[in-house]
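As structure tokens, the structure follows; a few thoughts come after it.
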Amino acid sequence: MIARREFITLLGGAAAWPLAARAQQPALPVVGFLRSSPEAGFGHLVAAFRQGLGEAGYVEGRNLSIEFRWADDNRERVSALAQDLLRRQVTLIVANYNAMPAVMAATKTIPIVFVSGDDPMTRGLVVSLARPGGNVTGVSFFDIPLAGKRLGLLQELVPPSSRIALLTDPSSVSETELRVLEASAQASGRLIVVVRATNEEEIDRAFATITRSGAGALLVGGGPVFLRHRRQLVARVGRLAIPAIYVLREFVEVGGLMSYGASQTDAYRRAGGFVSRLLKGEKPADMPVELPTRFELVLNLGTAKALGLSIPPGVLAIADEVIE
């Protein structure tokens with residue numbers, strides 16, 4: 001027979017086994033997710049990021065944790081949030097381009113995955129696309145060569161004499177893209193009116209300028225400010241009653257006429273894959289930057305009808321998605 005004291009000792013040890021086992025389990029890796037934008041309106045990017053993680057076998061709460069931070073377009077807050085993630089002892093950080101300067105200044109050792117619509121080399125994120133070096137790599141949906149294609153699609157919808165306005169955010173669009181557009185317009189005999197805006201107030205003034213210019217069509221450039229205010233921006237274009245083409249499908253989903261460009265949603269999905277590779281031991285210095293692999297032309301026929309436009313059969317035939 002087992003003595004009473006021995007039985008209590010055994011029982012106590014058995015009760016402690018699950019606690020000991022739990023104590024020995026490694027903590028979940030923590031992924032920092034930082035965007036310079038507000039959280040509202042960008043849930044689809046978070047969903048795409050989670051999808052990419054899930055495709056690689058990572059599920060939030062099961063085998064990793066994600067700390068989300070949103071800076072509401074406040075540059076000072078971006079830096080504070082980057083430091084906050086470091087205090088949280090994150091394993092790595094995912095950031096959009098506008099958050100990258102603060103994140104790169106905060107750490108030279110923690111792996112960083114960027115998702116950017118800018119040229120990662122020109123913007124100083126990496127020294128090489130094939131071998132980024134340092135602690136930074138990522139996914140780009142940089143697509144300057146498509147600027148001329150967008151202009152060509154827009155030209156299909158308006159008379160040859162129509163003037164085309166370009167609304168651009170100089171903090172997000174390079175001069176290279178402007179030169180590509182101007183060269184394309186010159187080759188076609190078009191006059192391009194370039195209007196710049198970096199915030200909501202300047203967007204209001206830009207549309208007043210577009211109206212005075214007598215432009216018959218509008219090409220809207222990329223950038224987080226335009227994306228954040230896409231509903232208001234599309235509504236303003238609607239009041240002008242002219243055809244417009246955008247960089248991202250998100251504008252067409254809220255009533256814009258058409259978009260052609262790389263998929264930002266797909267870029268965030270692929271960023272999830274980058275995170276999984278880093279968690280499995282790969283080094284950012286050795287992970288080539290991924291460039292756009294998916295381009296899409298999206299049309300909104302309801303908007304076309306409201307404008308009294310007939311989309312040419314050739315344009316309809318190459319559309320990846322048509323919204324009725």
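Just remember, in the structure tokens the first chain shown is A, the second B, etc., residues are 1-based per chain, and ligands are 1-based in the order shown.
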
Shell of 7 Å around Pro111 in chain A, only C-alpha atoms, local chain residues under 4 positions omitted, as number ranges by chain
A: 92-93, 135-136, 284

If you keep C-alpha atoms, can you produce a file of those selected residues as a PDB file, in the first residue's frame?
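Here's the written file part-v3.pdb:
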ATOM      1  CA  LEU A  92       9.306  40.914 -37.294  1.00  0.00           C
ATOM      2  CA  ILE A  93       7.399  43.895 -38.682  1.00  0.00           C
ATOM      3  CA  ASN A 135      17.060  43.338 -42.516  1.00  0.00           C
ATOM      4  CA  VAL A 136      14.531  44.514 -45.148  1.00  0.00           C
ATOM      5  CA  PRO A 284      15.545  38.972 -45.319  1.00  0.00           C
TER       6      PRO A 284
END

Contacts of Glu296 in chain A at 9 Å (only C-alpha atoms; same-chain gap of 4+ positions) as a PDB file with C-alpha atoms, in the first residue's frame:
ATOM      1  CA  LEU A 248      -6.458  50.246 -57.882  1.00  0.00           C
ATOM      2  CA  ARG A 249      -9.700  48.272 -58.048  1.00  0.00           C
ATOM      3  CA  SER A 259      -8.932  50.709 -62.935  1.00  0.00           C
ATOM      4  CA  TYR A 260      -5.853  49.031 -64.265  1.00  0.00           C
ATOM      5  CA  GLY A 261      -2.901  48.044 -62.160  1.00  0.00           C
ATOM      6  CA  ALA A 262      -1.221  45.584 -59.895  1.00  0.00           C
ATOM      7  CA  SER A 263      -3.360  44.091 -57.155  1.00  0.00           C
ATOM      8  CA  ALA A 319     -11.425  43.177 -68.677  1.00  0.00           C
ATOM      9  CA  ASP A 320     -10.624  40.874 -65.780  1.00  0.00           C
ATOM     10  CA  GLU A 321     -13.785  41.852 -63.934  1.00  0.00           C
TER      11      GLU A 321
END

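Remark: for Val30 in chain A, the closest of the candidate residues A:Ile66, A:Val46, A:Val113, A:Ile311 is A:Ile66 (distances computed over only C-alpha atoms).
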
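Checking A:Leu85, A:Val139, A:Leu257, A:Val126 one by one against Phe49 in chain A, counting only C-alpha atoms, you find the shortest gap at A:Val139.
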
Shell of 9 Å around Glu67 in chain A, only C-alpha atoms, local chain residues under 6 positions omitted, as a PDB file with C-alpha atoms, in the first residue's frame:
ATOM      1  CA  VAL A  30       4.612  38.049 -32.511  1.00  0.00           C
ATOM      2  CA  VAL A  31       4.239  39.784 -35.875  1.00  0.00           C
ATOM      3  CA  GLY A  32       3.963  43.564 -35.913  1.00  0.00           C
ATOM      4  CA  PHE A  33       1.685  45.011 -38.601  1.00  0.00           C
ATOM      5  CA  LEU A  34       2.080  48.766 -39.012  1.00  0.00           C
ATOM      6  CA  LEU A  85       6.176  47.336 -31.458  1.00  0.00           C
ATOM      7  CA  ARG A  88       6.331  44.416 -27.538  1.00  0.00           C
ATOM      8  CA  VAL A  90       7.921  41.488 -32.043  1.00  0.00           C
TER       9      VAL A  90
END

Exercise: Pro38 in chain A partners within 7 Å, only C-alpha atoms, chain neighbours under 2 positions left out, as a ChimeraX atom specification:
/A:36,40,70-73

Requested write-out: N, CA and C atoms of the selected residues, as a CSV table (one decimal), in the first residue's frame:
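Done, and the output landed in result_24.csv:
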chain,number,residue,atom,x,y,z
A,36,SER,N,0.7,53.4,-42.0
A,36,SER,CA,0.6,54.8,-41.7
A,36,SER,C,-0.8,55.3,-41.8
A,40,ALA,N,-9.8,52.2,-40.7
A,40,ALA,CA,-11.0,52.1,-41.5
A,40,ALA,C,-10.7,52.1,-43.0
A,70,TRP,N,-2.1,51.3,-36.3
A,70,TRP,CA,-2.5,52.2,-37.3
A,70,TRP,C,-2.2,53.7,-36.9
A,71,ALA,N,-1.6,54.4,-37.8
A,71,ALA,CA,-1.1,55.7,-37.4
A,71,ALA,C,-2.0,56.9,-37.9
A,72,ASP,N,-3.1,56.6,-38.6
A,72,ASP,CA,-4.0,57.7,-38.9
A,72,ASP,C,-3.4,58.8,-39.7
A,73,ASP,N,-2.3,58.5,-40.5
A,73,ASP,CA,-1.6,59.5,-41.3
A,73,ASP,C,-0.9,60.5,-40.5

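Of the residues listed (A:Gly314, A:Gly52, A:Pro170, A:Pro160), A:Pro170 shows the shortest atom-to-atom separation from Asp118 in chain A; distances use only C-alpha atoms.
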
I'd like to know which of A:Arg190, A:Lys283, A:Lys305, A:His229 is closest to Arg131 in chain A, using only C-alpha atoms.
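Residue with the minimum atom-to-atom distance to Arg131 in chain A: A:Lys283.
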
State, in Å with one decimal place, the distance from CA of Val194 in chain A to CA of Gly308 in chain A.
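Straight-line distance from CA of Val194 in chain A to CA of Gly308 in chain A works out to 25.7 Å.
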